[in-house]
$ cat coords.pdb   # PDB, C-alpha atoms and all ligand atoms
ATOM      1  CA  MET A   4     104.333  70.534  60.273  1.00  0.00           C
ATOM      2  CA  GLN A   5     107.744  69.817  58.782  1.00  0.00           C
ATOM      3  CA  ASP A   6     107.242  72.221  55.881  1.00  0.00           C
ATOM      4  CA  ARG A   7     106.393  75.158  58.184  1.00  0.00           C
ATOM      5  CA  LEU A   8     109.835  74.794  59.841  1.00  0.00           C
ATOM      6  CA  GLN A   9     112.696  74.994  57.340  1.00  0.00           C
ATOM      7  CA  LEU A  10     116.472  75.272  57.456  1.00  0.00           C
ATOM      8  CA  VAL A  11     118.251  77.648  55.076  1.00  0.00           C
ATOM      9  CA  GLU A  12     121.947  78.334  54.759  1.00  0.00           C
ATOM     10  CA  GLY A  13     122.986  81.947  54.240  1.00  0.00           C
ATOM     11  CA  ASP A  14     122.941  85.532  55.420  1.00  0.00           C
ATOM     12  CA  ILE A  15     119.774  86.438  57.340  1.00  0.00           C
ATOM     13  CA  THR A  16     119.991  90.102  56.270  1.00  0.00           C
ATOM     14  CA  THR A  17     119.056  89.189  52.678  1.00  0.00           C
ATOM     15  CA  LEU A  18     115.780  87.420  53.410  1.00  0.00           C
ATOM     16  CA  ASP A  19     112.381  88.608  52.215  1.00  0.00           C
ATOM     17  CA  VAL A  20     110.240  87.693  55.228  1.00  0.00           C
ATOM     18  CA  ASP A  21     107.843  89.509  57.550  1.00  0.00           C
ATOM     19  CA  ALA A  22     110.488  89.580  60.285  1.00  0.00           C
ATOM     20  CA  ILE A  23     114.082  88.575  60.857  1.00  0.00           C
ATOM     21  CA  VAL A  24     115.143  87.986  64.442  1.00  0.00           C
ATOM     22  CA  ASN A  25     118.253  89.716  65.766  1.00  0.00           C
ATOM     23  CA  ALA A  26     120.525  88.109  68.375  1.00  0.00           C
ATOM     24  CA  ALA A  27     120.957  91.418  70.161  1.00  0.00           C
ATOM     25  CA  LYS A  28     122.561  92.657  73.365  1.00  0.00           C
ATOM     26  CA  SER A  29     120.484  94.032  76.204  1.00  0.00           C
ATOM     27  CA  SER A  30     121.096  97.693  75.294  1.00  0.00           C
ATOM     28  CA  LEU A  31     119.679  96.987  71.788  1.00  0.00           C
ATOM     29  CA  LEU A  32     122.209  99.494  70.498  1.00  0.00           C
ATOM     30  CA  GLY A  33     124.040  97.192  68.098  1.00  0.00           C
ATOM     31  CA  GLY A  34     127.183  95.086  68.277  1.00  0.00           C
ATOM     32  CA  GLY A  35     129.100  92.500  66.278  1.00  0.00           C
ATOM     33  CA  GLY A  36     128.047  89.241  64.614  1.00  0.00           C
ATOM     34  CA  VAL A  37     124.535  89.023  63.224  1.00  0.00           C
ATOM     35  CA  ASP A  38     123.543  92.133  65.202  1.00  0.00           C
ATOM     36  CA  GLY A  39     126.194  94.214  63.418  1.00  0.00           C
ATOM     37  CA  ALA A  40     125.224  92.779  60.030  1.00  0.00           C
ATOM     38  CA  ILE A  41     121.524  93.573  60.577  1.00  0.00           C
ATOM     39  CA  HIS A  42     122.222  97.150  61.696  1.00  0.00           C
ATOM     40  CA  ARG A  43     124.554  97.760  58.730  1.00  0.00           C
ATOM     41  CA  ALA A  44     121.999  96.432  56.263  1.00  0.00           C
ATOM     42  CA  ALA A  45     119.005  98.219  57.832  1.00  0.00           C
ATOM     43  CA  GLY A  46     120.687 101.639  58.068  1.00  0.00           C
ATOM     44  CA  LYS A  47     121.022 104.012  60.991  1.00  0.00           C
ATOM     45  CA  GLU A  48     117.280 104.536  61.402  1.00  0.00           C
ATOM     46  CA  LEU A  49     117.251 101.125  63.079  1.00  0.00           C
ATOM     47  CA  VAL A  50     119.535 102.089  65.960  1.00  0.00           C
ATOM     48  CA  ALA A  51     117.514 105.290  66.368  1.00  0.00           C
ATOM     49  CA  GLU A  52     114.298 103.308  66.876  1.00  0.00           C
ATOM     50  CA  CYS A  53     116.104 100.802  69.117  1.00  0.00           C
ATOM     51  CA  ALA A  54     117.280 103.682  71.319  1.00  0.00           C
ATOM     52  CA  THR A  55     113.639 104.476  72.152  1.00  0.00           C
ATOM     53  CA  LEU A  56     112.898 100.971  73.475  1.00  0.00           C
ATOM     54  CA  GLY A  57     114.636 101.048  76.856  1.00  0.00           C
ATOM     55  CA  GLY A  58     116.694  97.905  76.223  1.00  0.00           C
ATOM     56  CA  CYS A  59     115.580  94.305  76.505  1.00  0.00           C
ATOM     57  CA  GLN A  60     116.077  91.621  79.147  1.00  0.00           C
ATOM     58  CA  THR A  61     117.636  88.253  78.433  1.00  0.00           C
ATOM     59  CA  GLY A  62     114.987  85.877  77.082  1.00  0.00           C
ATOM     60  CA  GLN A  63     112.631  88.714  76.087  1.00  0.00           C
ATOM     61  CA  ALA A  64     111.970  90.310  72.676  1.00  0.00           C
ATOM     62  CA  LYS A  65     111.071  93.699  71.153  1.00  0.00           C
ATOM     63  CA  ILE A  66     110.001  94.615  67.621  1.00  0.00           C
ATOM     64  CA  THR A  67     111.002  97.431  65.257  1.00  0.00           C
ATOM     65  CA  SER A  68     110.585  98.281  61.610  1.00  0.00           C
ATOM     66  CA  GLY A  69     113.038  96.736  59.115  1.00  0.00           C
ATOM     67  CA  TYR A  70     113.983 100.018  57.380  1.00  0.00           C
ATOM     68  CA  ARG A  71     116.286  99.237  54.402  1.00  0.00           C
ATOM     69  CA  LEU A  72     116.084  95.480  54.887  1.00  0.00           C
ATOM     70  CA  LYS A  73     113.822  93.408  52.665  1.00  0.00           C
ATOM     71  CA  ALA A  74     112.316  92.099  55.893  1.00  0.00           C
ATOM     72  CA  ARG A  75     109.453  94.318  57.067  1.00  0.00           C
ATOM     73  CA  HIS A  76     110.363  94.040  60.763  1.00  0.00           C
ATOM     74  CA  VAL A  77     113.205  93.126  63.064  1.00  0.00           C
ATOM     75  CA  ILE A  78     112.438  91.252  66.278  1.00  0.00           C
ATOM     76  CA  HIS A  79     115.287  91.848  68.716  1.00  0.00           C
ATOM     77  CA  THR A  80     115.863  89.201  71.344  1.00  0.00           C
ATOM     78  CA  VAL A  81     118.664  88.852  73.868  1.00  0.00           C
ATOM     79  CA  GLY A  82     120.085  85.365  74.221  1.00  0.00           C
ATOM     80  CA  PRO A  83     121.712  83.937  77.351  1.00  0.00           C
ATOM     81  CA  ILE A  84     125.468  84.159  77.806  1.00  0.00           C
ATOM     82  CA  PHE A  85     126.523  80.530  78.164  1.00  0.00           C
ATOM     83  CA  GLY A  86     127.907  79.856  81.629  1.00  0.00           C
ATOM     84  CA  ALA A  87     126.722  83.167  83.083  1.00  0.00           C
ATOM     85  CA  GLU A  88     123.004  82.573  83.745  1.00  0.00           C
ATOM     86  CA  ASP A  89     123.008  80.400  86.914  1.00  0.00           C
ATOM     87  CA  GLY A  90     122.041  77.290  85.001  1.00  0.00           C
ATOM     88  CA  ASP A  91     119.078  78.961  83.299  1.00  0.00           C
ATOM     89  CA  GLU A  92     120.721  79.012  79.862  1.00  0.00           C
ATOM     90  CA  ASP A  93     118.447  76.426  78.225  1.00  0.00           C
ATOM     91  CA  ALA A  94     115.234  77.970  79.584  1.00  0.00           C
ATOM     92  CA  LEU A  95     116.318  81.480  78.599  1.00  0.00           C
ATOM     93  CA  LEU A  96     117.221  80.382  75.081  1.00  0.00           C
ATOM     94  CA  ALA A  97     113.847  78.648  74.698  1.00  0.00           C
ATOM     95  CA  SER A  98     112.215  81.848  75.926  1.00  0.00           C
ATOM     96  CA  CYS A  99     113.958  83.865  73.178  1.00  0.00           C
ATOM     97  CA  TYR A 100     112.285  81.720  70.486  1.00  0.00           C
ATOM     98  CA  ARG A 101     108.905  81.685  72.210  1.00  0.00           C
ATOM     99  CA  GLU A 102     108.764  85.415  72.998  1.00  0.00           C
ATOM    100  CA  SER A 103     109.883  86.314  69.461  1.00  0.00           C
ATOM    101  CA  LEU A 104     107.162  84.134  67.963  1.00  0.00           C
ATOM    102  CA  LYS A 105     104.543  85.562  70.361  1.00  0.00           C
ATOM    103  CA  LEU A 106     105.439  89.065  69.169  1.00  0.00           C
ATOM    104  CA  ALA A 107     105.158  87.914  65.562  1.00  0.00           C
ATOM    105  CA  VAL A 108     101.647  86.568  66.196  1.00  0.00           C
ATOM    106  CA  ALA A 109     100.628  89.739  68.044  1.00  0.00           C
ATOM    107  CA  HIS A 110     101.654  91.773  64.977  1.00  0.00           C
ATOM    108  CA  GLY A 111      99.990  89.477  62.461  1.00  0.00           C
ATOM    109  CA  LEU A 112     103.317  88.348  60.960  1.00  0.00           C
ATOM    110  CA  LYS A 113     103.407  85.059  59.083  1.00  0.00           C
ATOM    111  CA  THR A 114     107.007  84.436  57.999  1.00  0.00           C
ATOM    112  CA  ILE A 115     109.884  84.699  60.490  1.00  0.00           C
ATOM    113  CA  ALA A 116     113.596  83.905  60.163  1.00  0.00           C
ATOM    114  CA  PHE A 117     115.863  83.194  63.158  1.00  0.00           C
ATOM    115  CA  PRO A 118     119.642  83.115  63.399  1.00  0.00           C
ATOM    116  CA  SER A 119     121.210  80.598  65.763  1.00  0.00           C
ATOM    117  CA  ILE A 120     120.792  82.756  68.878  1.00  0.00           C
ATOM    118  CA  SER A 121     123.659  82.810  71.446  1.00  0.00           C
ATOM    119  CA  THR A 122     125.934  80.475  69.438  1.00  0.00           C
ATOM    120  CA  GLY A 123     128.520  83.110  68.478  1.00  0.00           C
ATOM    121  CA  ALA A 124     129.844  85.670  70.946  1.00  0.00           C
ATOM    122  CA  TYR A 125     127.594  84.280  73.731  1.00  0.00           C
ATOM    123  CA  GLY A 126     129.217  80.826  73.499  1.00  0.00           C
ATOM    124  CA  PHE A 127     126.199  78.476  73.533  1.00  0.00           C
ATOM    125  CA  PRO A 128     127.126  75.046  72.081  1.00  0.00           C
ATOM    126  CA  MET A 129     125.403  74.958  68.700  1.00  0.00           C
ATOM    127  CA  ASP A 130     124.136  71.372  68.829  1.00  0.00           C
ATOM    128  CA  ARG A 131     122.407  72.004  72.150  1.00  0.00           C
ATOM    129  CA  ALA A 132     121.055  75.367  70.937  1.00  0.00           C
ATOM    130  CA  ALA A 133     119.765  73.844  67.703  1.00  0.00           C
ATOM    131  CA  ARG A 134     117.797  71.175  69.565  1.00  0.00           C
ATOM    132  CA  ILE A 135     116.204  73.818  71.773  1.00  0.00           C
ATOM    133  CA  ALA A 136     115.370  75.957  68.722  1.00  0.00           C
ATOM    134  CA  VAL A 137     113.779  73.072  66.830  1.00  0.00           C
ATOM    135  CA  GLY A 138     111.790  71.851  69.859  1.00  0.00           C
ATOM    136  CA  GLU A 139     110.522  75.291  70.791  1.00  0.00           C
ATOM    137  CA  VAL A 140     109.564  76.346  67.253  1.00  0.00           C
ATOM    138  CA  ARG A 141     107.785  73.041  66.572  1.00  0.00           C
ATOM    139  CA  ALA A 142     105.740  73.322  69.765  1.00  0.00           C
ATOM    140  CA  PHE A 143     104.831  76.916  68.942  1.00  0.00           C
ATOM    141  CA  LEU A 144     103.779  76.096  65.375  1.00  0.00           C
ATOM    142  CA  GLU A 145     101.543  73.289  66.588  1.00  0.00           C
ATOM    143  CA  ALA A 146      99.681  75.717  68.842  1.00  0.00           C
ATOM    144  CA  ASN A 147      99.680  78.693  66.432  1.00  0.00           C
ATOM    145  CA  PRO A 148      98.324  78.034  62.942  1.00  0.00           C
ATOM    146  CA  SER A 149      98.597  81.722  61.958  1.00  0.00           C
ATOM    147  CA  ILE A 150     102.369  81.443  61.482  1.00  0.00           C
ATOM    148  CA  GLU A 151     103.019  80.141  57.965  1.00  0.00           C
ATOM    149  CA  LYS A 152     106.763  79.628  57.956  1.00  0.00           C
ATOM    150  CA  VAL A 153     109.715  79.733  60.324  1.00  0.00           C
ATOM    151  CA  LEU A 154     113.208  79.631  58.855  1.00  0.00           C
ATOM    152  CA  LEU A 155     116.222  78.669  60.951  1.00  0.00           C
ATOM    153  CA  VAL A 156     119.061  80.436  59.177  1.00  0.00           C
ATOM    154  CA  CYS A 157     122.371  78.582  59.283  1.00  0.00           C
ATOM    155  CA  PHE A 158     125.474  80.690  58.740  1.00  0.00           C
ATOM    156  CA  GLY A 159     127.764  78.258  56.924  1.00  0.00           C
ATOM    157  CA  LYS A 160     127.815  74.544  56.091  1.00  0.00           C
ATOM    158  CA  GLU A 161     128.791  73.381  59.585  1.00  0.00           C
ATOM    159  CA  SER A 162     125.826  75.201  61.094  1.00  0.00           C
ATOM    160  CA  LEU A 163     123.536  73.657  58.475  1.00  0.00           C
ATOM    161  CA  ARG A 164     124.846  70.162  59.291  1.00  0.00           C
ATOM    162  CA  ILE A 165     124.308  70.671  63.024  1.00  0.00           C
ATOM    163  CA  HIS A 166     120.764  71.927  62.468  1.00  0.00           C
ATOM    164  CA  GLN A 167     119.936  69.046  60.119  1.00  0.00           C
ATOM    165  CA  GLU A 168     120.998  66.667  62.885  1.00  0.00           C
ATOM    166  CA  ALA A 169     118.863  68.497  65.431  1.00  0.00           C
ATOM    167  CA  LEU A 170     115.869  68.314  63.114  1.00  0.00           C
ATOM    168  CA  ALA A 171     116.371  64.552  62.723  1.00  0.00           C
ATOM    169  CA  ILE A 172     116.812  63.961  66.469  1.00  0.00           C
ATOM    170  CA  GLU A 173     113.839  66.096  67.493  1.00  0.00           C
ATOM    171  CA  SER A 174     111.394  64.649  64.931  1.00  0.00           C
TER     172      SER A 174
HETATM  173  N1  LIG A 201     123.213  85.704  59.080  1.00  0.00           N
HETATM  174  C1  LIG A 201     122.892  84.624  59.821  1.00  0.00           C
HETATM  175  N2  LIG A 201     123.600  84.188  60.885  1.00  0.00           N
HETATM  176  C2  LIG A 201     124.703  84.888  61.226  1.00  0.00           C
HETATM  177  C3  LIG A 201     125.115  86.051  60.520  1.00  0.00           C
HETATM  178  C4  LIG A 201     124.319  86.457  59.401  1.00  0.00           C
HETATM  179  N3  LIG A 201     124.618  87.536  58.664  1.00  0.00           N
HETATM  180  N4  LIG A 201     126.244  86.529  61.108  1.00  0.00           N
HETATM  181  C5  LIG A 201     126.534  85.711  62.128  1.00  0.00           C
HETATM  182  N5  LIG A 201     125.612  84.711  62.203  1.00  0.00           N
HETATM  183  P1  LIG A 201     126.350  86.219  67.311  1.00  0.00           P
HETATM  184  P2  LIG A 201     125.202  85.814  70.003  1.00  0.00           P
HETATM  185  C6  LIG A 201     125.525  83.604  63.176  1.00  0.00           C
HETATM  186  O1  LIG A 201     127.719  86.326  67.858  1.00  0.00           O
HETATM  187  O2  LIG A 201     126.073  84.611  70.206  1.00  0.00           O
HETATM  188  C7  LIG A 201     126.675  90.703  69.280  1.00  0.00           C
HETATM  189  O3  LIG A 201     127.800  91.528  69.366  1.00  0.00           O
HETATM  190  C8  LIG A 201     126.787  83.199  63.899  1.00  0.00           C
HETATM  191  O4  LIG A 201     127.591  82.345  63.087  1.00  0.00           O
HETATM  192  O5  LIG A 201     125.927  87.173  66.241  1.00  0.00           O
HETATM  193  O6  LIG A 201     123.743  85.712  70.360  1.00  0.00           O
HETATM  194  C9  LIG A 201     125.466  91.259  70.023  1.00  0.00           C
HETATM  195  O7  LIG A 201     125.470  92.663  70.046  1.00  0.00           O
HETATM  196  C10 LIG A 201     126.237  82.492  65.120  1.00  0.00           C
HETATM  197  O8  LIG A 201     125.951  81.120  64.835  1.00  0.00           O
HETATM  198  O9  LIG A 201     125.225  86.367  68.479  1.00  0.00           O
HETATM  199  C11 LIG A 201     125.633  90.664  71.387  1.00  0.00           C
HETATM  200  O10 LIG A 201     126.514  91.420  72.178  1.00  0.00           O
HETATM  201  C12 LIG A 201     124.910  83.202  65.373  1.00  0.00           C
HETATM  202  O11 LIG A 201     124.666  84.024  64.224  1.00  0.00           O
HETATM  203  C13 LIG A 201     126.255  89.304  71.117  1.00  0.00           C
HETATM  204  O12 LIG A 201     126.982  89.451  69.894  1.00  0.00           O
HETATM  205  C14 LIG A 201     124.900  84.108  66.612  1.00  0.00           C
HETATM  206  O13 LIG A 201     126.171  84.729  66.780  1.00  0.00           O
HETATM  207  C15 LIG A 201     125.223  88.227  70.927  1.00  0.00           C
HETATM  208  O14 LIG A 201     125.865  86.997  70.818  1.00  0.00           O
END

$ encode --input "coords.pdb" --output "structure tokens"
Amino acid sequence: MQDRLQLVEGDITTLDVDAIVNAAKSSLLGGGGVDGAIHRAAGKELVAECATLGGCQTGQAKITSGYRLKARHVIHTVGPIFGAEDGDEDALLASCYRESLKLAVAHGLKTIAFPSISTGAYGFPMDRAARIAVGEVRAFLEANPSIEKVLLVCFGKESLRIHQEALAIES
């Protein structure tokens, strides 16, 4: 199990995987942070496809092509805004991971990379978010043997340290 869930430090836009997950906003029309980086790297065809999708609700996910990215697809999910979801933040964040992985399975994808959803502009404490991510991905992998590898991409050393701790606590 452990080897199917891995931590990597770096920029998610560079990864050669079946899908990278985008921490998007509900319009799906691009923004700052990882969303901005993914749209810049993929090229403007990505926002054109996103514009056909009718947005996305918090905790849900939608899939597009990856265009100029090495990743074949982008799975766009909308994380909760910490403190603005009537106490449903944890459940909505867990839903982001689960719904993204369900989409991956439905499209026959085997390798998926996630950023730390909601922990930038949306203000989710990273230690709490990392424990939810690890717990949710582990549970999903146990039930879904078709997924070969899930990467949790840590943007910087501090993020890597926090995710290593979460992995140790949740194992
Ligand atoms: N690769 C991997 N992780 C990254 C990268 C990257 N290139 N760039 C940033 N991160 P955020 P959110 C990390 O703010 O909190 C956008 O404007 C970052 O350090 O990108 O879900 C959207 O349009 C942080 O840990 O996403 C929405 O409006 C994590 O990615 C809103 O921000 C998430 O930070 C979404 O906010």

$ resolve_selection --input "coords.pdb" --expression "the PyMOL selection byres (((not hetatm)) within 8 of (chain A and resi 201))" --output "count of residues only"
40

$ resolve_selection --input "coords.pdb" --expression "the PyMOL selection byres (((chain A and resi 80) around 8) and not hetatm)" --output "mmCIF file with C-alpha atoms, keeping the file's coordinate frame"
data_model
loop_
_atom_site.group_PDB
_atom_site.id
_atom_site.type_symbol
_atom_site.label_atom_id
_atom_site.label_comp_id
_atom_site.auth_asym_id
_atom_site.auth_seq_id
_atom_site.Cartn_x
_atom_site.Cartn_y
_atom_site.Cartn_z
ATOM 1 C CA VAL A 24 115.143 87.986 64.442
ATOM 2 C CA ASN A 25 118.253 89.716 65.766
ATOM 3 C CA ALA A 26 120.525 88.109 68.375
ATOM 4 C CA ALA A 27 120.957 91.418 70.161
ATOM 5 C CA LYS A 28 122.561 92.657 73.365
ATOM 6 C CA CYS A 59 115.580 94.305 76.505
ATOM 7 C CA THR A 61 117.636 88.253 78.433
ATOM 8 C CA GLY A 62 114.987 85.877 77.082
ATOM 9 C CA GLN A 63 112.631 88.714 76.087
ATOM 10 C CA ALA A 64 111.970 90.310 72.676
ATOM 11 C CA LYS A 65 111.071 93.699 71.153
ATOM 12 C CA ILE A 78 112.438 91.252 66.278
ATOM 13 C CA HIS A 79 115.287 91.848 68.716
ATOM 14 C CA VAL A 81 118.664 88.852 73.868
ATOM 15 C CA GLY A 82 120.085 85.365 74.221
ATOM 16 C CA CYS A 99 113.958 83.865 73.178
ATOM 17 C CA SER A 103 109.883 86.314 69.461
#

$ resolve_selection --input "coords.pdb" --expression "the PyMOL selection byres (((chain A and resi 8) around 12) and not hetatm)" --output "JSON, numbers by chain"
{"A": [4, 5, 6, 7, 9, 10, 11, 114, 115, 116, 117, 136, 137, 138, 139, 140, 141, 142, 143, 144, 145, 150, 151, 152, 153, 154, 155, 156, 166, 167, 170, 174]}

$ atom_distance --input "coords.pdb" --atom1 "CA of Ala109 in chain A" --atom2 "CA of Ala133 in chain A"
24.9 Å

$ closest_atom_pairs --input "coords.pdb" --of "range 30-140 of chain A" --to "range 18-22 of chain A" --cutoff "9 Å" --atoms "all atoms listed in the file" --output "CSV"
residue,atom,partner,partner_atom,distance
A:Ile66,CA,A:Ala22,CA,8.9
A:Ser68,CA,A:Ala22,CA,8.8
A:Gly69,CA,A:Ala22,CA,7.7
A:Leu72,CA,A:Leu18,CA,8.2
A:Lys73,CA,A:Asp19,CA,5.0
A:Ala74,CA,A:Val20,CA,4.9
A:Arg75,CA,A:Asp21,CA,5.1
A:His76,CA,A:Ala22,CA,4.5
A:Val77,CA,A:Ala22,CA,5.3
A:Ile78,CA,A:Ala22,CA,6.5
A:Ala107,CA,A:Ala22,CA,7.7
A:Leu112,CA,A:Asp21,CA,5.8
A:Lys113,CA,A:Asp21,CA,6.5
A:Thr114,CA,A:Asp21,CA,5.2
A:Ile115,CA,A:Ala22,CA,4.9
A:Ala116,CA,A:Ala22,CA,6.5
A:Phe117,CA,A:Ala22,CA,8.8

$ write_last_selection --input "coords.pdb" --atoms "C-alpha atoms" --output "CSV table (one decimal), in the frame of the given file"
chain,number,residue,atom,x,y,z
A,66,ILE,CA,110.0,94.6,67.6
A,68,SER,CA,110.6,98.3,61.6
A,69,GLY,CA,113.0,96.7,59.1
A,72,LEU,CA,116.1,95.5,54.9
A,73,LYS,CA,113.8,93.4,52.7
A,74,ALA,CA,112.3,92.1,55.9
A,75,ARG,CA,109.5,94.3,57.1
A,76,HIS,CA,110.4,94.0,60.8
A,77,VAL,CA,113.2,93.1,63.1
A,78,ILE,CA,112.4,91.3,66.3
A,107,ALA,CA,105.2,87.9,65.6
A,112,LEU,CA,103.3,88.3,61.0
A,113,LYS,CA,103.4,85.1,59.1
A,114,THR,CA,107.0,84.4,58.0
A,115,ILE,CA,109.9,84.7,60.5
A,116,ALA,CA,113.6,83.9,60.2
A,117,PHE,CA,115.9,83.2,63.2

$ atom_distance --input "coords.pdb" --atom1 "CA of Ala132 in chain A" --atom2 "CA of Glu92 in chain A"
9.6 Å

$ atom_distance --input "coords.pdb" --atom1 "CA of Ser149 in chain A" --atom2 "CA of Arg101 in chain A"
14.5 Å

$ closest_residue --input "coords.pdb" --among "A:Lys105, A:Ser30, A:Arg43, A:Arg71" --to "Leu56 in chain A" --atoms "all atoms listed in the file"
A:Ser30

$ closest_residue --input "coords.pdb" --among "A:Tyr70, A:Ser98, A:Pro128, A:Lys160" --to "Gly86 in chain A" --atoms "all atoms listed in the file"
A:Pro128

$ axis_aligned_box --input "coords.pdb" --around "range 130-134 of chain A" --padding-each-side "4 Å" --output "JSON"
{"center_x": 121.0, "center_y": 73.3, "center_z": 69.9, "size_x": 14.3, "size_y": 12.2, "size_z": 12.4}

$ closest_residue --input "coords.pdb" --among "A:Ala97, A:Thr67, A:Pro148, A:Val108" --to "Thr55 in chain A" --atoms "only C-alpha atoms"
A:Thr67

$ closest_residue --input "coords.pdb" --among "A:Val50, A:Ala169, A:Leu106, A:Ile135" --to "Ala94 in chain A" --atoms "only C-alpha atoms"
A:Ile135

$ decode --input "coords.pdb" --residues "range 97-149 of chain A" --atoms "C-alpha atoms" --output "mmCIF file, in the first residue's frame"
data_model
loop_
_atom_site.group_PDB
_atom_site.id
_atom_site.type_symbol
_atom_site.label_atom_id
_atom_site.label_comp_id
_atom_site.auth_asym_id
_atom_site.auth_seq_id
_atom_site.Cartn_x
_atom_site.Cartn_y
_atom_site.Cartn_z
ATOM 1 C CA ALA A 97 -12.137 14.642 1.650
ATOM 2 C CA SER A 98 -14.725 14.732 -1.126
ATOM 3 C CA CYS A 99 -12.277 16.563 -3.432
ATOM 4 C CA TYR A 100 -9.792 13.666 -3.163
ATOM 5 C CA ARG A 101 -12.453 10.979 -3.480
ATOM 6 C CA GLU A 102 -14.305 12.528 -6.434
ATOM 7 C CA SER A 103 -11.029 13.192 -8.279
ATOM 8 C CA LEU A 104 -9.952 9.581 -7.824
ATOM 9 C CA LYS A 105 -13.395 8.302 -8.905
ATOM 10 C CA LEU A 106 -13.061 10.291 -12.134
ATOM 11 C CA ALA A 107 -9.585 8.858 -12.663
ATOM 12 C CA VAL A 108 -10.926 5.305 -12.322
ATOM 13 C CA ALA A 109 -13.856 6.053 -14.639
ATOM 14 C CA HIS A 110 -11.368 7.189 -17.305
ATOM 15 C CA GLY A 111 -8.992 4.273 -16.833
ATOM 16 C CA LEU A 112 -6.206 6.482 -15.437
ATOM 17 C CA LYS A 113 -3.526 4.852 -13.314
ATOM 18 C CA THR A 114 -1.171 7.593 -12.105
ATOM 19 C CA ILE A 115 -2.520 10.759 -10.458
ATOM 20 C CA ALA A 116 -0.755 13.681 -8.766
ATOM 21 C CA PHE A 117 -2.471 16.006 -6.263
ATOM 22 C CA PRO A 118 -1.404 19.391 -4.941
ATOM 23 C CA SER A 119 -2.256 20.232 -1.343
ATOM 24 C CA ILE A 120 -5.821 21.355 -2.095
ATOM 25 C CA SER A 121 -7.181 24.441 -0.240
ATOM 26 C CA THR A 122 -3.936 25.122 1.675
ATOM 27 C CA GLY A 123 -2.991 28.310 -0.194
ATOM 28 C CA ALA A 124 -5.514 31.021 -1.017
ATOM 29 C CA TYR A 125 -8.349 29.001 0.606
ATOM 30 C CA GLY A 126 -6.581 28.996 3.996
ATOM 31 C CA PHE A 127 -6.925 25.355 5.117
ATOM 32 C CA PRO A 128 -4.305 24.497 7.788
ATOM 33 C CA MET A 129 -1.825 22.256 5.987
ATOM 34 C CA ASP A 130 -1.306 19.691 8.751
ATOM 35 C CA ARG A 131 -5.042 19.064 8.999
ATOM 36 C CA ALA A 132 -5.398 18.988 5.195
ATOM 37 C CA ALA A 133 -2.484 16.578 4.826
ATOM 38 C CA ARG A 134 -4.020 14.105 7.273
ATOM 39 C CA ILE A 135 -7.308 14.197 5.382
ATOM 40 C CA ALA A 136 -5.485 13.721 2.061
ATOM 41 C CA VAL A 137 -3.471 10.753 3.313
ATOM 42 C CA GLY A 138 -6.486 9.082 4.967
ATOM 43 C CA GLU A 139 -8.758 9.537 1.976
ATOM 44 C CA VAL A 140 -6.220 8.411 -0.640
ATOM 45 C CA ARG A 141 -5.228 5.345 1.401
ATOM 46 C CA ALA A 142 -8.853 4.268 1.805
ATOM 47 C CA PHE A 143 -9.478 4.757 -1.908
ATOM 48 C CA LEU A 144 -6.393 2.780 -2.944
ATOM 49 C CA GLU A 145 -7.397 -0.117 -0.718
ATOM 50 C CA ALA A 146 -10.752 -0.342 -2.488
ATOM 51 C CA ASN A 147 -9.472 0.391 -6.023
ATOM 52 C CA PRO A 148 -6.604 -1.777 -7.260
ATOM 53 C CA SER A 149 -6.720 -0.226 -10.756
#
